[in-house]
file structure_8.pdb (PDB, C-alpha atoms)
MODEL        1
ATOM      1  CA  LYS A   1       0.000   0.000   0.000
ATOM      2  CA  ASP A   2       2.717   2.520   0.861
ATOM      3  CA  VAL A   3       6.313   2.359  -0.211
ATOM      4  CA  LEU A   4       9.650   4.154  -0.145
ATOM      5  CA  VAL A   5      11.269   4.449  -3.580
ATOM      6  CA  SER A   6      14.937   5.441  -3.727
ATOM      7  CA  TYR A   7      17.502   5.790  -6.458
ATOM      8  CA  ALA A   8      20.928   7.261  -5.617
ATOM      9  CA  ASP A   9      20.127  10.394  -3.610
ATOM     10  CA  ASP A  10      16.509  10.785  -4.826
ATOM     11  CA  SER A  11      13.803   9.286  -2.637
ATOM     12  CA  SER A  12      10.036   9.345  -2.715
ATOM     13  CA  VAL A  13       7.453   8.151  -0.243
ATOM     14  CA  LEU A  14       4.277   6.906  -1.906
ATOM     15  CA  CYS A  15       1.171   6.564   0.228
ATOM     16  CA  SER A  16      -2.489   6.129  -0.527
ATOM     17  CA  GLY A  17      -5.530   6.874   1.567
ATOM     18  CA  ASN A  18      -9.283   7.119   1.413
ATOM     19  CA  ASN A  19      -9.243  10.745   2.512
ATOM     20  CA  GLY A  20      -6.914  13.589   3.463
ATOM     21  CA  LEU A  21      -6.682  12.480   7.100
ATOM     22  CA  ASP A  22      -5.569   8.933   6.186
ATOM     23  CA  LEU A  23      -3.066  10.324   3.715
ATOM     24  CA  ARG A  24      -1.586  12.805   6.190
ATOM     25  CA  GLN A  25      -1.267  10.112   8.863
ATOM     26  CA  CYS A  26       0.477   7.683   6.503
ATOM     27  CA  LEU A  27       2.895  10.317   5.186
ATOM     28  CA  THR A  28       3.673  11.677   8.659
ATOM     29  CA  VAL A  29       4.593   8.193   9.910
ATOM     30  CA  TRP A  30       6.845   7.601   6.878
ATOM     31  CA  LEU A  31       8.491  11.018   7.061
ATOM     32  CA  ASN A  32       9.217  10.590  10.771
ATOM     33  CA  LYS A  33      10.737   7.124  10.166
ATOM     34  CA  LEU A  34      12.793   8.531   7.321
ATOM     35  CA  ASP A  35      13.971  11.470   9.435
ATOM     36  CA  ILE A  36      15.039   9.144  12.289
ATOM     37  CA  TRP A  37      16.909   6.856   9.875
ATOM     38  CA  LEU A  38      18.687   9.825   8.311
ATOM     39  CA  LYS A  39      19.746  11.196  11.703
ATOM     40  CA  ASN A  40      20.942   7.757  12.882
ATOM     41  CA  ASN A  41      23.097   7.542   9.754
ATOM     42  CA  GLN A  42      24.390  11.109  10.075
ATOM     43  CA  PHE A  43      22.335  12.531   7.206
ATOM     44  CA  THR A  44      19.751  15.274   7.191
ATOM     45  CA  LEU A  45      16.534  15.763   5.284
ATOM     46  CA  ASN A  46      16.763  18.961   3.254
ATOM     47  CA  VAL A  47      13.260  20.317   3.792
ATOM     48  CA  ASP A  48      13.961  23.295   1.501
ATOM     49  CA  LYS A  49      14.503  20.927  -1.442
ATOM     50  CA  SER A  50      11.710  18.540  -0.477
ATOM     51  CA  THR A  51       8.200  18.884  -1.856
ATOM     52  CA  PHE A  52       5.079  16.793  -2.014
ATOM     53  CA  VAL A  53       2.322  16.303  -4.521
ATOM     54  CA  THR A  54      -1.092  14.736  -3.993
ATOM     55  CA  PHE A  55      -2.201  12.669  -6.965
ATOM     56  CA  VAL A  56      -5.948  13.029  -7.231
ATOM     57  CA  SER A  57      -8.722  12.953  -9.770
ATOM     58  CA  TYR A  58     -10.573  16.201 -10.296
ATOM     59  CA  SER A  59     -13.424  14.942  -8.120
ATOM     60  CA  ASP A  60     -11.284  13.919  -5.123
ATOM     61  CA  ASN A  61     -11.571  15.966  -1.982
ATOM     62  CA  ILE A  62      -8.053  16.573  -0.672
ATOM     63  CA  PRO A  63      -8.348  20.009   0.936
ATOM     64  CA  ASN A  64      -6.402  22.894  -0.607
ATOM     65  CA  ASP A  65      -4.832  23.641   2.784
ATOM     66  CA  PHE A  66      -3.422  20.082   3.087
ATOM     67  CA  GLN A  67       0.024  20.375   4.691
ATOM     68  CA  LEU A  68       2.868  18.135   5.803
ATOM     69  CA  VAL A  69       5.331  19.081   8.533
ATOM     70  CA  VAL A  70       8.784  17.618   9.197
ATOM     71  CA  ASN A  71      10.969  18.938  12.032
ATOM     72  CA  ASP A  72       8.612  21.888  12.499
ATOM     73  CA  SER A  73       9.067  22.849   8.841
ATOM     74  CA  LYS A  74       6.291  22.724   6.278
ATOM     75  CA  LEU A  75       6.923  20.868   3.053
ATOM     76  CA  GLU A  76       5.936  22.757  -0.073
ATOM     77  CA  ARG A  77       2.944  21.298  -1.907
ATOM     78  CA  VAL A  78       3.385  21.412  -5.678
ATOM     79  CA  VAL A  79       1.135  20.577  -8.628
ATOM     80  CA  ASN A  80       3.915  18.750 -10.457
ATOM     81  CA  CYS A  81       7.291  17.362  -9.540
ATOM     82  CA  LYS A  82      10.307  16.006 -11.355
ATOM     83  CA  TYR A  83      11.471  12.589 -10.230
ATOM     84  CA  LEU A  84      14.323  10.826 -12.021
ATOM     85  CA  GLY A  85      13.848  12.991 -15.117
ATOM     86  CA  ILE A  86      10.096  12.574 -15.474
ATOM     87  CA  TYR A  87       7.586  15.297 -14.575
ATOM     88  CA  PHE A  88       4.573  13.976 -12.663
ATOM     89  CA  ASP A  89       1.399  16.066 -12.482
ATOM     90  CA  CYS A  90      -1.083  15.945  -9.591
ATOM     91  CA  HIS A  91      -3.834  14.891 -12.041
ATOM     92  CA  MET A  92      -1.485  12.463 -13.862
ATOM     93  CA  LYS A  93      -1.531  14.580 -16.995
ATOM     94  CA  TRP A  94       1.687  14.756 -18.967
ATOM     95  CA  ASP A  95       1.508  18.338 -20.249
ATOM     96  CA  LYS A  96       4.511  19.568 -18.234
ATOM     97  CA  HIS A  97       6.664  16.573 -19.180
ATOM     98  CA  ILE A  98       5.826  16.893 -22.880
ATOM     99  CA  PHE A  99       6.418  20.669 -22.734
ATOM    100  CA  GLU A 100       9.916  20.022 -21.348
ATOM    101  CA  LEU A 101      10.551  17.370 -24.024
ATOM    102  CA  ILE A 102       9.519  19.810 -26.745
ATOM    103  CA  LYS A 103      11.977  22.393 -25.378
ATOM    104  CA  LYS A 104      14.810  19.854 -25.526
ATOM    105  CA  VAL A 105      13.847  18.622 -28.984
ATOM    106  CA  LYS A 106      13.644  22.188 -30.333
ATOM    107  CA  ASN A 107      17.289  22.582 -29.370
ATOM    108  CA  PHE A 108      18.107  19.394 -31.297
ATOM    109  CA  THR A 109      16.137  20.649 -34.299
ATOM    110  CA  PHE A 110      18.159  23.868 -34.410
ATOM    111  CA  LEU A 111      21.390  21.912 -33.996
ATOM    112  CA  PHE A 112      20.412  19.474 -36.761
ATOM    113  CA  TYR A 113      19.508  22.315 -39.104
ATOM    114  CA  LYS A 114      22.937  23.885 -38.689
ATOM    115  CA  LEU A 115      24.836  20.598 -38.808
ATOM    116  CA  SER A 116      22.927  19.253 -41.813
ATOM    117  CA  LYS A 117      24.747  21.826 -43.927
ATOM    118  CA  VAL A 118      28.180  20.423 -43.057
ATOM    119  CA  LEU A 119      27.739  16.811 -41.944
ATOM    120  CA  LYS A 120      26.844  13.708 -43.908
ATOM    121  CA  PRO A 121      23.413  12.176 -43.285
ATOM    122  CA  VAL A 122      25.000   9.051 -41.788
ATOM    123  CA  ILE A 123      26.543  11.213 -39.001
ATOM    124  CA  LEU A 124      23.224  12.980 -38.451
ATOM    125  CA  LYS A 125      21.580   9.547 -38.176
ATOM    126  CA  SER A 126      23.962   8.598 -35.350
ATOM    127  CA  MET A 127      23.284  11.899 -33.609
ATOM    128  CA  TYR A 128      19.530  11.362 -34.007
ATOM    129  CA  HIS A 129      19.711   7.964 -32.305
ATOM    130  CA  GLY A 130      22.120   9.161 -29.631
ATOM    131  CA  LEU A 131      20.383  12.421 -28.751
ATOM    132  CA  PHE A 132      16.761  12.525 -29.850
ATOM    133  CA  GLU A 133      15.810   8.913 -29.234
ATOM    134  CA  ARG A 134      17.572   8.872 -25.865
ATOM    135  CA  VAL A 135      15.502  11.845 -24.680
ATOM    136  CA  ILE A 136      12.202  10.732 -26.216
ATOM    137  CA  ASN A 137      12.423   7.089 -25.162
ATOM    138  CA  PHE A 138      13.179   7.828 -21.522
ATOM    139  CA  GLY A 139      10.043   7.083 -19.510
ATOM    140  CA  ILE A 140       7.876   6.670 -22.610
ATOM    141  CA  ILE A 141       6.019   3.808 -20.922
ATOM    142  CA  ALA A 142       4.616   6.411 -18.499
ATOM    143  CA  TRP A 143       3.889   9.405 -20.750
ATOM    144  CA  GLY A 144       3.703   7.851 -24.223
ATOM    145  CA  GLY A 145      -0.066   7.472 -24.208
ATOM    146  CA  ALA A 146      -0.357  11.262 -23.967
ATOM    147  CA  TYR A 147       1.168  11.637 -27.416
ATOM    148  CA  ASP A 148       1.589  15.214 -28.681
ATOM    149  CA  LYS A 149       1.481  16.319 -32.345
ATOM    150  CA  LYS A 150       4.046  19.104 -31.784
ATOM    151  CA  LEU A 151       6.568  16.503 -30.730
ATOM    152  CA  ALA A 152       5.793  14.433 -33.844
ATOM    153  CA  LYS A 153       6.339  17.469 -36.102
ATOM    154  CA  LEU A 154       9.727  18.080 -34.518
ATOM    155  CA  GLN A 155      10.643  14.425 -35.000
ATOM    156  CA  ASN A 156       9.647  14.648 -38.671
ATOM    157  CA  LYS A 157      11.872  17.727 -39.125
ATOM    158  CA  LEU A 158      14.835  15.840 -37.690
ATOM    159  CA  ILE A 159      14.224  12.785 -39.858
ATOM    160  CA  SER A 160      13.887  14.928 -42.983
ATOM    161  CA  LYS A 161      17.451  16.219 -42.486
ATOM    162  CA  MET A 162      18.798  12.697 -42.922
ATOM    163  CA  LYS A 163      16.255  11.344 -45.402
ATOM    164  CA  LYS A 164      18.917   9.738 -47.588
ATOM    165  CA  GLU A 165      19.824   7.412 -44.733
ATOM    166  CA  TYR A 166      16.230   6.244 -44.301
ATOM    167  CA  ASP A 167      15.174   5.331 -47.821
ATOM    168  CA  LEU A 168      14.183   1.799 -46.774
ATOM    169  CA  LEU A 169      13.644   1.768 -43.025
ATOM    170  CA  ALA A 170      12.785   4.973 -41.184
ATOM    171  CA  PRO A 171      12.951   5.196 -37.375
ATOM    172  CA  LEU A 172       9.787   4.457 -35.455
ATOM    173  CA  LYS A 173       7.450   7.368 -34.862
ATOM    174  CA  ILE A 174       6.892   8.262 -31.203
ATOM    175  CA  LYS A 175       3.450   6.647 -31.099
ATOM    176  CA  GLN A 176       4.794   3.475 -32.738
ATOM    177  CA  TYR A 177       7.688   3.292 -30.298
ATOM    178  CA  PHE A 178       5.298   3.671 -27.346
ATOM    179  CA  THR A 179       3.139   0.856 -28.737
ATOM    180  CA  VAL A 180       6.153  -1.449 -29.082
ATOM    181  CA  VAL A 181       7.412  -0.660 -25.568
ATOM    182  CA  LEU A 182       3.934  -1.130 -24.106
ATOM    183  CA  TYR A 183       3.538  -4.469 -25.885
ATOM    184  CA  LEU A 184       6.958  -5.740 -24.767
ATOM    185  CA  THR A 185       6.346  -4.616 -21.183
ATOM    186  CA  THR A 186       2.960  -6.334 -21.154
ATOM    187  CA  MET A 187       4.515  -9.536 -22.497
ATOM    188  CA  MET A 188       7.209  -9.434 -19.823
ATOM    189  CA  ILE A 189       4.597  -9.010 -17.082
ATOM    190  CA  VAL A 190       2.384 -11.781 -18.466
ATOM    191  CA  ASN A 191       5.339 -14.176 -18.741
ATOM    192  CA  TYR A 192       6.665 -13.283 -15.286
TER     193      TYR A 192
ENDMDL
END

call {"tool": "encode", "arguments": {"input": "structure_8.pdb", "output": "structure tokens"}}
result
Amino acid sequence: KDVLVSYADDSSVLCSGNNGLDLRQCLTVWLNKLDIWLKNNQFTLNVDKSTFVTFVSYSDNIPNDFQLVVNDSKLERVVNCKYLGIYFDCHMKWDKHIFELIKKVKNFTFLFYKLSKVLKPVILKSMYHGLFERVINFGIIAWGGAYDKKLAKLQNKLISKMKKEYDLLAPLKIKQYFTVVLYLTTMMIVNY
């Protein structure tokens, strides 16, 4: 039901509850345990860098004044948070994450435009796979169902700069890649 998720120095406490009171109680217990463990191991919880988000549907009734306190300091409540490179929204929409992806991809598009004048398409192809696909594919299993046409247009611009390299087999479109990853993940779960 509730769990602590950690990777390197990033940690998240995930709790669920039927109402705001249950949620606050669960999170307070976890945060106190975490604070004690940190102190026992000569670490401190940086409350200034710590935030919390309540994932709710639009009809849920978590009060707007919902607060969490650790060591007499209030944690900031946010509507979205970045965890391990993925932006999570309180309503589990992916607008913020896709917006950030578009910003990154626009930089690639500008770079590709300039480099396409001096580099061979085969080099651009390697850059496409190393830069664009690395950024787009990260976490696609989470956000890929919220596909965005702006992102697809940017991908098409990049591919057009190296068209000669893709006469026979073009890279997968974002939606296709998401479908493949979703299928493979489902097969792994079913076979597990």

call {"tool": "atom_distance", "arguments": {"input": "structure_8.pdb", "atom1": "atom CA of A:Glu76", "atom2": "atom CA of A:Thr44"}}
result
17.3 Å

call {"tool": "closest_residue", "arguments": {"input": "structure_8.pdb", "among": "A:Met162, A:Leu151, A:Ile189, A:Val181", "to": "A:Val135", "atoms": "only C-alpha atoms"}}
result
A:Leu151

call {"tool": "atom_distance", "arguments": {"input": "structure_8.pdb", "atom1": "atom CA of A:Ser11", "atom2": "atom CA of A:Arg24"}}
result
18.1 Å

call {"tool": "resolve_selection", "arguments": {"input": "structure_8.pdb", "expression": "the PyMOL selection byres ((chain A and resi 13-21) around 6)", "output": "list of chain:residue names"}}
result
A:Asp2, A:Val3, A:Leu4, A:Ser12, A:Asp22, A:Leu23, A:Arg24, A:Ile62

call {"tool": "write_last_selection", "arguments": {"input": "structure_8.pdb", "atoms": "C-alpha atoms", "output": "tab-separated table (two decimals), keeping the file's coordinate frame"}}
result
chain	number	residue	atom	x	y	z
A	2	ASP	CA	2.72	2.52	0.86
A	3	VAL	CA	6.31	2.36	-0.21
A	4	LEU	CA	9.65	4.15	-0.14
A	12	SER	CA	10.04	9.35	-2.72
A	22	ASP	CA	-5.57	8.93	6.19
A	23	LEU	CA	-3.07	10.32	3.72
A	24	ARG	CA	-1.59	12.80	6.19
A	62	ILE	CA	-8.05	16.57	-0.67

call {"tool": "closest_residue", "arguments": {"input": "structure_8.pdb", "among": "A:Val78, A:Val70, A:Phe132, A:Leu27", "to": "A:Thr51", "atoms": "only C-alpha atoms"}}
result
A:Val78

call {"tool": "resolve_selection", "arguments": {"input": "structure_8.pdb", "expression": "the PyMOL selection byres ((chain A and resi 143) around 9)", "output": "short mmCIF file (atom, residue, chain, number, x, y, z; two decimals) with C-alpha atoms, in the frame of the given file"}}
result
data_model
loop_
_atom_site.label_atom_id
_atom_site.label_comp_id
_atom_site.auth_asym_id
_atom_site.auth_seq_id
_atom_site.Cartn_x
_atom_site.Cartn_y
_atom_site.Cartn_z
CA ILE A 86 10.10 12.57 -15.47
CA LYS A 93 -1.53 14.58 -17.00
CA TRP A 94 1.69 14.76 -18.97
CA HIS A 97 6.66 16.57 -19.18
CA ILE A 98 5.83 16.89 -22.88
CA GLY A 139 10.04 7.08 -19.51
CA ILE A 140 7.88 6.67 -22.61
CA ILE A 141 6.02 3.81 -20.92
CA ALA A 142 4.62 6.41 -18.50
CA GLY A 144 3.70 7.85 -24.22
CA GLY A 145 -0.07 7.47 -24.21
CA ALA A 146 -0.36 11.26 -23.97
CA TYR A 147 1.17 11.64 -27.42
CA PHE A 178 5.30 3.67 -27.35
#

call {"tool": "residues_near_point", "arguments": {"input": "structure_8.pdb", "point": "(17.2, 19.4, -3.4)", "cutoff": "12 Å", "atoms": "all atoms listed in the file", "output": "list in words"}}
result
Asp9, Asp10, Ser11, Thr44, Leu45, Asn46, Val47, Asp48, Lys49, Ser50, Thr51, Cys81, Lys82 and Tyr83 of chain A

call {"tool": "axis_aligned_box", "arguments": {"input": "structure_8.pdb", "around": "stretch 175-190 of chain A", "padding_each_side": "4 Å", "output": "AutoDock Vina command-line options"}}
result
--center_x 5.0 --center_y -2.6 --center_z -24.9 --size_x 13.3 --size_y 26.4 --size_z 23.7

call {"tool": "closest_residue", "arguments": {"input": "structure_8.pdb", "among": "A:Pro121, A:Leu172, A:Lys157, A:Lys39", "to": "A:Ile136", "atoms": "all atoms listed in the file"}}
result
A:Leu172

call {"tool": "residues_around", "arguments": {"input": "structure_8.pdb", "residues": "A:Leu154", "least_positions_apart": "4", "cutoff": "7 Å", "atoms": "all atoms listed in the file", "output": "list in words"}}
result
Val105, Thr109, Lys150 and Leu158 of chain A

call {"tool": "atom_distance", "arguments": {"input": "structure_8.pdb", "atom1": "atom CA of A:His91", "atom2": "atom CA of A:Met188"}}
result
27.8 Å

call {"tool": "closest_residue", "arguments": {"input": "structure_8.pdb", "among": "A:Lys117, A:Asn137, A:Ile123, A:Asp148", "to": "A:Asp95", "atoms": "all atoms listed in the file"}}
result
A:Asp148
